[in-house]
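Everything below concerns the one structure shown next.
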Amino acid sequence: MENTLEKAKSSMPIKGFLDIKDIAIPQGQDLVDAILKLKEEKNAVILAHYYQPAEIQDIADFLGDSLQLARQAKDTDADMIVFCGVHFMAEAAKILNPTKKVVLPDTLAGCSLADGCSGEGLRAMRAQHPNALVATYINCNAETKAESDIIVTSSNAETIINALPTDQPIIFAPDKNLGRYLAHKTGRDMILWDGSCIVHEAFSMERIAKQLADNPDAKLIAHPESEESVLKLAHFIGSTSALLDYVEKDDCQKFIIATEEGILHEMKKRAPHKELIPALVFDESCNCSECFYMKRNTMEKLYLCMKYELPEILIDEELRLKALKPIEAMLELSKTIK
(Lines give C-alpha, C1' and ligand atoms only; values in the text may rest on other atoms or scores of the structure.)
Protein backbone atom coordinates (compact mmCIF):
# COMPACT_ATOMS: atom_id res chain seq x y z
CA MET A 1 0.00 0.00 0.00
CA GLU A 2 2.86 2.39 0.79
CA ASN A 3 4.34 1.96 -2.70
CA THR A 4 0.90 2.52 -4.23
CA LEU A 5 0.43 5.74 -2.22
CA GLU A 6 3.87 7.02 -3.19
CA LYS A 7 3.11 6.28 -6.83
CA ALA A 8 -0.19 8.17 -6.52
CA LYS A 9 1.64 11.13 -4.96
CA SER A 10 4.18 11.21 -7.77
CA SER A 11 1.45 11.26 -10.43
CA MET A 12 -0.60 13.94 -8.64
CA PRO A 13 0.84 16.93 -10.57
CA ILE A 14 -0.33 15.31 -13.82
CA LYS A 15 -3.63 13.79 -12.70
CA GLY A 16 -4.55 16.54 -10.22
CA PHE A 17 -5.70 14.12 -7.50
CA LEU A 18 -4.64 11.06 -5.54
CA ASP A 19 -5.38 8.15 -7.88
CA ILE A 20 -4.81 5.18 -5.54
CA LYS A 21 -5.64 1.93 -7.30
CA ASP A 22 -5.44 -0.51 -4.39
CA ILE A 23 -7.63 1.16 -1.80
CA ALA A 24 -11.24 0.26 -1.14
CA ILE A 25 -13.24 3.48 -1.09
CA PRO A 26 -16.56 3.28 0.78
CA GLN A 27 -19.70 3.78 -1.29
CA GLY A 28 -23.12 5.34 -0.73
CA GLN A 29 -23.95 6.31 2.84
CA ASP A 30 -20.77 4.61 4.06
CA LEU A 31 -18.76 7.13 2.03
CA VAL A 32 -20.70 10.04 3.52
CA ASP A 33 -20.14 8.64 7.02
CA ALA A 34 -16.42 8.12 6.36
CA ILE A 35 -15.99 11.73 5.20
CA LEU A 36 -17.85 13.05 8.24
CA LYS A 37 -15.67 10.91 10.51
CA LEU A 38 -12.49 12.23 8.88
CA LYS A 39 -13.78 15.76 9.28
CA GLU A 40 -14.24 15.25 13.01
CA GLU A 41 -10.90 13.47 13.49
CA LYS A 42 -8.92 16.16 11.68
CA ASN A 43 -10.89 19.22 12.87
CA ALA A 44 -11.58 20.02 9.24
CA VAL A 45 -14.16 22.28 7.62
CA ILE A 46 -15.64 21.54 4.20
CA LEU A 47 -16.36 24.63 2.10
CA ALA A 48 -18.28 24.15 -1.15
CA HIS A 49 -19.41 26.38 -3.99
CA TYR A 50 -22.97 26.30 -5.34
CA TYR A 51 -21.65 24.86 -8.62
CA GLN A 52 -20.28 21.69 -7.01
CA PRO A 53 -21.95 18.29 -7.52
CA ALA A 54 -25.11 17.96 -5.43
CA GLU A 55 -23.73 15.32 -3.05
CA ILE A 56 -20.78 17.57 -2.20
CA GLN A 57 -23.08 20.53 -1.61
CA ASP A 58 -25.10 18.36 0.79
CA ILE A 59 -22.09 17.30 2.89
CA ALA A 60 -20.48 20.77 3.11
CA ASP A 61 -20.29 22.73 6.36
CA PHE A 62 -20.66 25.97 4.43
CA LEU A 63 -22.15 26.43 0.97
CA GLY A 64 -21.72 29.76 -0.73
CA ASP A 65 -20.54 32.00 -3.54
CA SER A 66 -17.00 33.37 -3.82
CA LEU A 67 -17.52 36.23 -1.35
CA GLN A 68 -19.27 34.08 1.25
CA LEU A 69 -16.63 31.36 1.00
CA ALA A 70 -13.78 33.86 1.30
CA ARG A 71 -15.35 35.13 4.52
CA GLN A 72 -15.83 31.63 5.88
CA ALA A 73 -12.23 30.74 5.03
CA LYS A 74 -10.98 33.85 6.81
CA ASP A 75 -13.02 33.25 9.97
CA THR A 76 -12.75 29.47 10.41
CA ASP A 77 -11.11 27.97 13.49
CA ALA A 78 -10.63 24.58 11.79
CA ASP A 79 -7.15 23.11 11.44
CA MET A 80 -7.75 22.02 7.86
CA ILE A 81 -9.81 23.71 5.14
CA VAL A 82 -11.15 21.30 2.55
CA PHE A 83 -12.15 23.46 -0.39
CA CYS A 84 -14.65 21.96 -2.79
CA GLY A 85 -14.53 24.43 -5.62
CA VAL A 86 -11.90 25.40 -8.16
CA HIS A 87 -8.20 26.08 -7.70
CA PHE A 88 -8.32 29.88 -7.36
CA MET A 89 -10.84 29.56 -4.51
CA ALA A 90 -8.65 27.17 -2.52
CA GLU A 91 -5.69 29.42 -3.25
CA ALA A 92 -7.58 32.42 -1.83
CA ALA A 93 -8.33 30.41 1.31
CA LYS A 94 -4.61 29.72 1.74
CA ILE A 95 -3.76 33.39 1.17
CA LEU A 96 -6.12 34.25 4.03
CA ASN A 97 -4.94 31.37 6.26
CA PRO A 98 -1.18 30.81 5.94
CA THR A 99 -0.96 28.68 9.10
CA LYS A 100 -3.81 26.33 8.19
CA LYS A 101 -3.63 23.35 5.88
CA VAL A 102 -5.74 23.91 2.75
CA VAL A 103 -6.54 20.96 0.50
CA LEU A 104 -8.44 20.65 -2.77
CA PRO A 105 -9.82 17.31 -4.02
CA ASP A 106 -8.53 17.91 -7.56
CA THR A 107 -6.00 20.61 -8.44
CA LEU A 108 -7.01 20.42 -12.11
CA ALA A 109 -10.35 21.94 -11.12
CA GLY A 110 -9.41 25.18 -12.82
CA CYS A 111 -11.17 28.16 -14.40
CA SER A 112 -11.09 29.56 -17.93
CA LEU A 113 -11.00 33.10 -16.54
CA ALA A 114 -8.06 32.37 -14.24
CA ASP A 115 -6.21 30.51 -16.99
CA GLY A 116 -6.60 33.42 -19.41
CA CYS A 117 -5.14 36.20 -17.24
CA SER A 118 -1.58 36.36 -15.92
CA GLY A 119 0.21 38.65 -13.52
CA GLU A 120 2.67 39.47 -16.29
CA GLY A 121 -0.16 40.43 -18.64
CA LEU A 122 -1.78 42.62 -16.01
CA ARG A 123 1.55 44.39 -15.36
CA ALA A 124 1.83 45.16 -19.07
CA MET A 125 -1.73 46.50 -19.13
CA ARG A 126 -1.02 48.70 -16.12
CA ALA A 127 2.10 50.05 -17.86
CA GLN A 128 -0.11 51.19 -20.75
CA HIS A 129 -2.48 52.93 -18.33
CA PRO A 130 -0.26 54.06 -15.43
CA ASN A 131 -2.98 56.20 -13.82
CA ALA A 132 -5.52 53.39 -13.69
CA LEU A 133 -6.60 51.36 -10.69
CA VAL A 134 -6.66 47.60 -11.20
CA ALA A 135 -9.85 45.90 -10.00
CA THR A 136 -9.66 42.16 -10.57
CA TYR A 137 -12.41 39.60 -10.40
CA ILE A 138 -11.67 36.93 -7.79
CA ASN A 139 -11.65 34.32 -10.60
CA CYS A 140 -7.89 34.65 -11.05
CA ASN A 141 -4.69 33.11 -9.68
CA ALA A 142 -2.47 34.45 -6.90
CA GLU A 143 0.01 36.07 -9.31
CA THR A 144 -2.80 38.08 -10.89
CA LYS A 145 -4.24 39.05 -7.52
CA ALA A 146 -0.79 40.26 -6.47
CA GLU A 147 -0.79 42.75 -9.37
CA SER A 148 -4.20 44.16 -8.40
CA ASP A 149 -5.27 47.10 -6.27
CA ILE A 150 -8.47 45.41 -5.18
CA ILE A 151 -10.32 42.15 -5.76
CA VAL A 152 -14.06 41.95 -6.45
CA THR A 153 -16.69 39.21 -6.62
CA SER A 154 -19.94 39.37 -8.55
CA SER A 155 -21.69 39.99 -5.20
CA ASN A 156 -19.66 43.07 -4.25
CA ALA A 157 -18.27 44.39 -7.55
CA GLU A 158 -20.77 47.22 -8.02
CA THR A 159 -20.32 48.40 -4.43
CA ILE A 160 -16.53 48.35 -4.73
CA ILE A 161 -16.39 50.03 -8.15
CA ASN A 162 -18.60 52.83 -6.83
CA ALA A 163 -16.25 53.26 -3.85
CA LEU A 164 -13.10 53.73 -5.98
CA PRO A 165 -11.78 57.27 -6.66
CA THR A 166 -13.64 58.84 -9.57
CA ASP A 167 -10.61 60.68 -10.96
CA GLN A 168 -8.91 57.46 -12.05
CA PRO A 169 -9.88 55.02 -14.82
CA ILE A 170 -10.27 51.37 -13.88
CA ILE A 171 -8.61 48.35 -15.46
CA PHE A 172 -11.02 45.46 -14.96
CA ALA A 173 -9.83 41.89 -15.45
CA PRO A 174 -10.35 39.16 -16.47
CA ASP A 175 -14.08 38.99 -17.33
CA LYS A 176 -15.07 41.43 -20.07
CA ASN A 177 -18.78 40.59 -19.75
CA LEU A 178 -18.88 41.36 -16.04
CA GLY A 179 -16.72 44.45 -16.67
CA ARG A 180 -19.04 45.72 -19.40
CA TYR A 181 -22.04 45.18 -17.13
CA LEU A 182 -20.34 47.06 -14.27
CA ALA A 183 -19.36 49.95 -16.54
CA HIS A 184 -23.01 50.27 -17.55
CA LYS A 185 -24.25 50.05 -13.95
CA THR A 186 -21.72 52.46 -12.43
CA GLY A 187 -20.96 54.81 -15.31
CA ARG A 188 -17.25 54.35 -14.69
CA ASP A 189 -14.54 54.37 -17.36
CA MET A 190 -13.44 50.74 -17.57
CA ILE A 191 -10.51 49.30 -19.53
CA LEU A 192 -11.45 45.66 -20.02
CA TRP A 193 -9.25 42.58 -20.18
CA ASP A 194 -10.44 40.36 -23.02
CA GLY A 195 -11.52 37.28 -21.06
CA SER A 196 -14.74 35.34 -20.51
CA CYS A 197 -16.19 32.33 -18.72
CA ILE A 198 -16.57 29.31 -21.00
CA VAL A 199 -19.79 28.36 -19.18
CA HIS A 200 -21.57 31.71 -19.30
CA GLU A 201 -20.54 32.53 -22.86
CA ALA A 202 -22.12 29.26 -24.03
CA PHE A 203 -25.69 30.51 -23.58
CA SER A 204 -27.61 31.07 -26.81
CA MET A 205 -29.61 34.29 -27.03
CA GLU A 206 -31.71 32.85 -29.86
CA ARG A 207 -32.57 29.64 -28.00
CA ILE A 208 -33.28 31.51 -24.77
CA ALA A 209 -35.57 33.92 -26.63
CA LYS A 210 -37.53 30.91 -27.86
CA GLN A 211 -37.66 29.54 -24.29
CA LEU A 212 -39.16 32.85 -23.16
CA ALA A 213 -41.68 32.78 -26.02
CA ASP A 214 -42.66 29.21 -25.10
CA ASN A 215 -42.91 30.15 -21.40
CA PRO A 216 -44.51 33.62 -21.26
CA ASP A 217 -45.11 33.23 -17.52
CA ALA A 218 -41.39 32.71 -16.81
CA LYS A 219 -38.67 35.17 -15.82
CA LEU A 220 -35.15 34.91 -17.16
CA ILE A 221 -32.49 35.44 -14.50
CA ALA A 222 -28.82 35.64 -15.45
CA HIS A 223 -25.35 35.92 -13.97
CA PRO A 224 -23.47 39.04 -15.17
CA GLU A 225 -20.69 36.85 -16.60
CA SER A 226 -23.17 36.07 -19.40
CA GLU A 227 -22.84 37.85 -22.72
CA GLU A 228 -24.55 41.20 -23.25
CA SER A 229 -27.13 39.77 -25.67
CA VAL A 230 -28.36 37.38 -22.96
CA LEU A 231 -28.32 40.04 -20.24
CA LYS A 232 -30.55 42.28 -22.37
CA LEU A 233 -33.24 39.58 -22.27
CA ALA A 234 -32.99 39.06 -18.50
CA HIS A 235 -35.64 40.15 -16.03
CA PHE A 236 -33.03 40.04 -13.26
CA ILE A 237 -29.22 40.03 -13.28
CA GLY A 238 -27.26 39.09 -10.19
CA SER A 239 -24.49 37.15 -8.50
CA THR A 240 -24.88 33.50 -7.62
CA SER A 241 -26.24 34.31 -4.15
CA ALA A 242 -28.47 37.09 -5.53
CA LEU A 243 -30.00 34.69 -8.07
CA LEU A 244 -30.78 32.24 -5.27
CA ASP A 245 -32.42 34.94 -3.15
CA TYR A 246 -34.44 36.21 -6.12
CA VAL A 247 -35.90 32.80 -6.97
CA GLU A 248 -36.76 32.22 -3.32
CA LYS A 249 -38.44 35.60 -2.69
CA ASP A 250 -39.94 36.71 -6.00
CA ASP A 251 -43.63 36.04 -6.65
CA CYS A 252 -42.97 34.48 -10.05
CA GLN A 253 -43.46 30.70 -10.13
CA LYS A 254 -41.31 29.85 -13.15
CA PHE A 255 -37.71 30.83 -13.91
CA ILE A 256 -35.26 30.28 -16.75
CA ILE A 257 -31.80 30.12 -15.15
CA ALA A 258 -28.76 31.43 -17.07
CA THR A 259 -25.86 30.32 -14.93
CA GLU A 260 -24.05 27.07 -14.09
CA GLU A 261 -26.56 24.28 -13.58
CA GLY A 262 -25.21 23.28 -10.16
CA ILE A 263 -27.12 26.19 -8.62
CA LEU A 264 -30.40 24.41 -9.35
CA HIS A 265 -29.77 21.97 -6.49
CA GLU A 266 -29.90 24.71 -3.86
CA MET A 267 -32.65 26.60 -5.69
CA LYS A 268 -34.91 23.53 -5.55
CA LYS A 269 -34.31 23.29 -1.81
CA ARG A 270 -35.21 26.93 -1.25
CA ALA A 271 -38.16 27.05 -3.65
CA PRO A 272 -39.41 23.46 -4.10
CA HIS A 273 -42.78 24.57 -5.45
CA LYS A 274 -41.33 26.66 -8.30
CA GLU A 275 -40.44 25.51 -11.82
CA LEU A 276 -36.79 25.95 -12.72
CA ILE A 277 -35.68 25.69 -16.35
CA PRO A 278 -31.98 25.67 -17.33
CA ALA A 279 -31.24 28.26 -20.02
CA LEU A 280 -30.23 26.69 -23.33
CA VAL A 281 -26.73 26.80 -24.78
CA PHE A 282 -25.54 26.88 -28.40
CA ASP A 283 -24.86 23.13 -28.42
CA GLU A 284 -28.25 21.62 -29.16
CA SER A 285 -27.12 18.23 -27.87
CA CYS A 286 -27.05 19.68 -24.34
CA ASN A 287 -29.88 21.42 -22.48
CA CYS A 288 -27.75 22.70 -19.64
CA SER A 289 -24.57 24.60 -18.94
CA GLU A 290 -22.17 22.71 -16.73
CA CYS A 291 -18.68 23.70 -15.60
CA PHE A 292 -16.56 20.60 -16.14
CA TYR A 293 -13.89 22.12 -13.87
CA MET A 294 -16.31 22.33 -10.92
CA LYS A 295 -17.49 18.80 -11.59
CA ARG A 296 -13.95 17.38 -11.42
CA ASN A 297 -14.40 17.19 -7.66
CA THR A 298 -16.18 14.01 -6.59
CA MET A 299 -17.06 12.37 -3.28
CA GLU A 300 -14.36 9.74 -3.84
CA LYS A 301 -11.70 12.40 -4.45
CA LEU A 302 -12.96 14.32 -1.41
CA TYR A 303 -12.53 11.22 0.75
CA LEU A 304 -8.98 10.56 -0.43
CA CYS A 305 -8.10 14.24 -0.11
CA MET A 306 -9.23 14.29 3.52
CA LYS A 307 -7.72 10.91 4.40
CA TYR A 308 -4.23 11.72 3.10
CA GLU A 309 -4.47 15.54 3.33
CA LEU A 310 -3.47 15.88 -0.32
CA PRO A 311 -3.36 17.66 -2.73
CA GLU A 312 -2.30 20.56 -0.51
CA ILE A 313 -2.33 24.20 -1.63
CA LEU A 314 1.01 25.91 -0.97
CA ILE A 315 1.94 29.52 -1.80
CA ASP A 316 5.24 31.38 -1.63
CA GLU A 317 5.08 33.78 1.33
CA GLU A 318 6.17 36.87 -0.60
CA LEU A 319 3.51 36.23 -3.23
CA ARG A 320 0.92 35.46 -0.56
CA LEU A 321 1.47 38.82 1.17
CA LYS A 322 1.16 40.71 -2.12
CA ALA A 323 -2.06 38.87 -3.00
CA LEU A 324 -3.44 39.29 0.53
CA LYS A 325 -3.51 43.08 0.36
CA PRO A 326 -6.17 43.45 -2.40
CA ILE A 327 -8.25 40.63 -0.89
CA GLU A 328 -8.29 42.35 2.50
CA ALA A 329 -9.23 45.62 0.77
CA MET A 330 -12.17 43.78 -0.80
CA LEU A 331 -13.34 42.28 2.49
CA GLU A 332 -13.16 45.69 4.19
CA LEU A 333 -15.30 47.40 1.51
CA SER A 334 -17.74 44.46 1.50
CA LYS A 335 -18.72 44.55 5.17
CA THR A 336 -22.19 45.92 4.39
CA ILE A 337 -22.94 43.08 1.91
CA LYS A 338 -24.55 39.92 3.27
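Identifiers in this document derive from the order of the C-alpha coordinates: chains are assigned A, B, ..., residues are numbered from 1 separately in each chain, and ligands are numbered from 1 in order of occurrence.
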Original post:
Looking only at the backbone, which of the residues in segment 5-71 of chain A does DSSP tag as alpha helix (DSSP H), as number ranges by chain?
Top reply: A: 5-15, 29-41, 54-59, 66-71
Deliver the residues from the most recent selection as a file, using N, CA and C atoms, as a CSV table (one decimal), in the first residue's frame.
chain,number,residue,atom,x,y,z
A,5,LEU,N,0.7,4.4,-2.6
A,5,LEU,CA,0.4,5.7,-2.2
A,5,LEU,C,1.5,6.6,-2.8
A,6,GLU,N,2.8,6.2,-2.7
A,6,GLU,CA,3.9,7.0,-3.2
A,6,GLU,C,3.7,7.2,-4.7
A,7,LYS,N,3.3,6.2,-5.4
A,7,LYS,CA,3.1,6.3,-6.8
A,7,LYS,C,2.0,7.3,-7.1
A,8,ALA,N,0.9,7.2,-6.3
A,8,ALA,CA,-0.2,8.2,-6.5
A,8,ALA,C,0.3,9.6,-6.3
A,9,LYS,N,1.1,9.8,-5.3
A,9,LYS,CA,1.6,11.1,-5.0
A,9,LYS,C,2.5,11.7,-6.1
A,10,SER,N,3.3,10.8,-6.7
A,10,SER,CA,4.2,11.2,-7.8
A,10,SER,C,3.4,11.6,-9.0
A,11,SER,N,2.2,11.0,-9.2
A,11,SER,CA,1.4,11.3,-10.4
A,11,SER,C,0.4,12.4,-10.2
A,12,MET,N,0.4,12.9,-9.0
A,12,MET,CA,-0.6,13.9,-8.6
A,12,MET,C,-0.5,15.2,-9.5
A,13,PRO,N,0.7,15.7,-9.8
A,13,PRO,CA,0.8,16.9,-10.6
A,13,PRO,C,0.2,16.8,-12.0
A,14,ILE,N,0.2,15.6,-12.5
A,14,ILE,CA,-0.3,15.3,-13.8
A,14,ILE,C,-1.8,15.0,-13.7
A,15,LYS,N,-2.2,14.2,-12.8
A,15,LYS,CA,-3.6,13.8,-12.7
A,15,LYS,C,-4.5,14.8,-11.9
A,29,GLN,N,-23.9,5.7,1.5
A,29,GLN,CA,-23.9,6.3,2.8
A,29,GLN,C,-22.7,6.0,3.6
A,30,ASP,N,-22.0,4.9,3.4
A,30,ASP,CA,-20.8,4.6,4.1
A,30,ASP,C,-19.7,5.6,3.7
A,31,LEU,N,-19.7,6.1,2.5
A,31,LEU,CA,-18.8,7.1,2.0
A,31,LEU,C,-19.0,8.5,2.7
A,32,VAL,N,-20.3,8.8,2.8
A,32,VAL,CA,-20.7,10.0,3.5
A,32,VAL,C,-20.2,10.0,5.0
A,33,ASP,N,-20.5,8.8,5.6
A,33,ASP,CA,-20.1,8.6,7.0
A,33,ASP,C,-18.6,8.7,7.2
A,34,ALA,N,-17.9,8.1,6.3
A,34,ALA,CA,-16.4,8.1,6.4
A,34,ALA,C,-15.9,9.5,6.2
A,35,ILE,N,-16.4,10.3,5.4
A,35,ILE,CA,-16.0,11.7,5.2
A,35,ILE,C,-16.3,12.5,6.5
A,36,LEU,N,-17.5,12.3,7.0
A,36,LEU,CA,-17.9,13.0,8.2
A,36,LEU,C,-16.9,12.6,9.4
A,37,LYS,N,-16.6,11.4,9.5
A,37,LYS,CA,-15.7,10.9,10.5
A,37,LYS,C,-14.3,11.5,10.4
A,38,LEU,N,-13.8,11.6,9.1
A,38,LEU,CA,-12.5,12.2,8.9
A,38,LEU,C,-12.5,13.7,9.3
A,39,LYS,N,-13.6,14.3,9.0
A,39,LYS,CA,-13.8,15.8,9.3
A,39,LYS,C,-13.7,16.0,10.8
A,40,GLU,N,-14.3,15.1,11.5
A,40,GLU,CA,-14.2,15.3,13.0
A,40,GLU,C,-12.8,14.9,13.5
A,41,GLU,N,-12.2,13.9,13.0
A,41,GLU,CA,-10.9,13.5,13.5
A,41,GLU,C,-9.8,14.5,13.2
A,54,ALA,N,-24.1,17.9,-6.5
A,54,ALA,CA,-25.1,18.0,-5.4
A,54,ALA,C,-24.7,17.3,-4.1
A,55,GLU,N,-24.1,16.1,-4.3
A,55,GLU,CA,-23.7,15.3,-3.1
A,55,GLU,C,-22.6,16.0,-2.2
A,56,ILE,N,-21.8,16.8,-2.9
A,56,ILE,CA,-20.8,17.6,-2.2
A,56,ILE,C,-21.4,18.8,-1.5
A,57,GLN,N,-22.3,19.4,-2.2
A,57,GLN,CA,-23.1,20.5,-1.6
A,57,GLN,C,-23.8,20.1,-0.3
A,58,ASP,N,-24.3,18.9,-0.4
A,58,ASP,CA,-25.1,18.4,0.8
A,58,ASP,C,-24.2,18.0,2.0
A,59,ILE,N,-23.0,17.7,1.8
A,59,ILE,CA,-22.1,17.3,2.9
A,59,ILE,C,-21.3,18.5,3.4
A,66,SER,N,-18.4,33.1,-4.1
A,66,SER,CA,-17.0,33.4,-3.8
A,66,SER,C,-16.8,34.3,-2.6
A,67,LEU,N,-17.7,35.3,-2.5
A,67,LEU,CA,-17.5,36.2,-1.3
A,67,LEU,C,-17.8,35.5,0.0
A,68,GLN,N,-18.9,34.8,0.0
A,68,GLN,CA,-19.3,34.1,1.2
A,68,GLN,C,-18.2,33.1,1.7
A,69,LEU,N,-17.6,32.4,0.7
A,69,LEU,CA,-16.6,31.4,1.0
A,69,LEU,C,-15.3,32.0,1.4
A,70,ALA,N,-15.0,33.1,0.9
A,70,ALA,CA,-13.8,33.9,1.3
A,70,ALA,C,-13.9,34.3,2.8
A,71,ARG,N,-15.1,34.7,3.1
A,71,ARG,CA,-15.3,35.1,4.5
A,71,ARG,C,-15.3,33.9,5.4
At a cut-off of 10 Å, can you tabulate as a Markdown table every residue of segment 53-103 of chain A near segment 297-320 of chain A together with its closest atom pair and the distance in Å to one decimal, using only C-alpha atoms and ordering rows by chain then number?
| residue | atom | partner | partner_atom | distance |
| --- | --- | --- | --- | --- |
| A:Pro53 | CA | A:Thr298 | CA | 7.2 |
| A:Ala54 | CA | A:Thr298 | CA | 9.8 |
| A:Glu55 | CA | A:Met299 | CA | 7.3 |
| A:Ile56 | CA | A:Met299 | CA | 6.5 |
| A:Ile59 | CA | A:Met299 | CA | 9.4 |
| A:Met80 | CA | A:Glu309 | CA | 8.6 |
| A:Ile81 | CA | A:Met306 | CA | 9.6 |
| A:Val82 | CA | A:Met306 | CA | 7.3 |
| A:Phe83 | CA | A:Leu302 | CA | 9.2 |
| A:Cys84 | CA | A:Asn297 | CA | 6.8 |
| A:Gly85 | CA | A:Asn297 | CA | 7.5 |
| A:Val86 | CA | A:Asn297 | CA | 8.6 |
| A:His87 | CA | A:Ile313 | CA | 8.6 |
| A:Ala90 | CA | A:Ile313 | CA | 7.0 |
| A:Glu91 | CA | A:Ile313 | CA | 6.4 |
| A:Ala92 | CA | A:Arg320 | CA | 9.1 |
| A:Ala93 | CA | A:Ile313 | CA | 9.1 |
| A:Lys94 | CA | A:Ile313 | CA | 6.9 |
| A:Ile95 | CA | A:Arg320 | CA | 5.4 |
| A:Leu96 | CA | A:Arg320 | CA | 8.5 |
| A:Asn97 | CA | A:Arg320 | CA | 9.9 |
| A:Pro98 | CA | A:Arg320 | CA | 8.3 |
| A:Lys101 | CA | A:Glu312 | CA | 7.1 |
| A:Val102 | CA | A:Ile313 | CA | 5.6 |
| A:Val103 | CA | A:Glu312 | CA | 4.4 |
Given only C-alpha atoms, how would the per-residue table for segment 166-222 of chain A near segment 246-268 of chain A read, listing every residue at most 8 Å away with its closest atom pair and distance in Å to one decimal, sorted by chain and number, as CSV?
residue,atom,partner,partner_atom,distance
A:Val199,CA,A:Glu260,CA,6.8
A:His200,CA,A:Thr259,CA,6.3
A:Phe203,CA,A:Ala258,CA,7.3
A:Gln211,CA,A:Ile256,CA,8.0
A:Leu212,CA,A:Ile256,CA,7.9
A:Asp217,CA,A:Lys254,CA,6.7
A:Ala218,CA,A:Lys254,CA,4.6
A:Lys219,CA,A:Phe255,CA,4.8
A:Leu220,CA,A:Ile256,CA,4.6
A:Ile221,CA,A:Ile257,CA,5.4
A:Ala222,CA,A:Ala258,CA,4.5
Subject >> Selected residue of minimal separation from Ala109 of chain A among A:Leu321, A:Cys291, A:Ile170, A:Leu243, counting only C-alpha atoms >> reply: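 Going through A:Leu321, A:Cys291, A:Ile170, A:Leu243 one by one, the smallest distance to Ala109 of chain A is for A:Cys291.
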Subject >> Separation of atom CA of Phe292 of chain A from atom CA of Asp19 of chain A in Å >> reply: 18.7 Å
Original post:
Which is closest to Asp194 of chain A among A:Leu231, A:Leu113, A:Leu133, A:Ala329, if we use only C-alpha atoms?
Top reply: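 Among the listed residues, the smallest separation from Asp194 of chain A belongs to A:Leu113.
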Original post:
Excluding same-chain residues fewer than 3 positions from Tyr181 of chain A, what lies within 8 Å of it counting only C-alpha atoms, as a PyMOL selection string?
Top reply: chain A and resi 177-178+184-185+224+228
Subject >> Shortest interatomic distance to Ala202 of chain A - which of A:Ser229, A:Ser289, A:Ser148, A:Asn141, counting only C-alpha atoms >> reply: A:Ser289
Original post:
Quick one: of A:Glu206, A:Asp283, A:Glu158, A:Asp149, who's nearest to Arg180 of chain A, counting only C-alpha atoms?
Top reply: A:Glu158
Original post:
Which parts of segment 42-157 of chain A does DSSP call strand (DSSP E or B) when run on the backbone here, written out as a list in words?
Top reply: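 Taking segment 42-157 of chain A and keeping strand (DSSP E or B) only, one gets Ala44, Val45, Ile46, Leu47, Ala48, His49, Phe62, Leu63, Gly64, Met80, Ile81, Val82, Phe83, Cys84, Lys101, Val102, Val103, Leu133, Val134, Ala135, Thr136, Tyr137, Ile150, Ile151 and Val152 of chain A.
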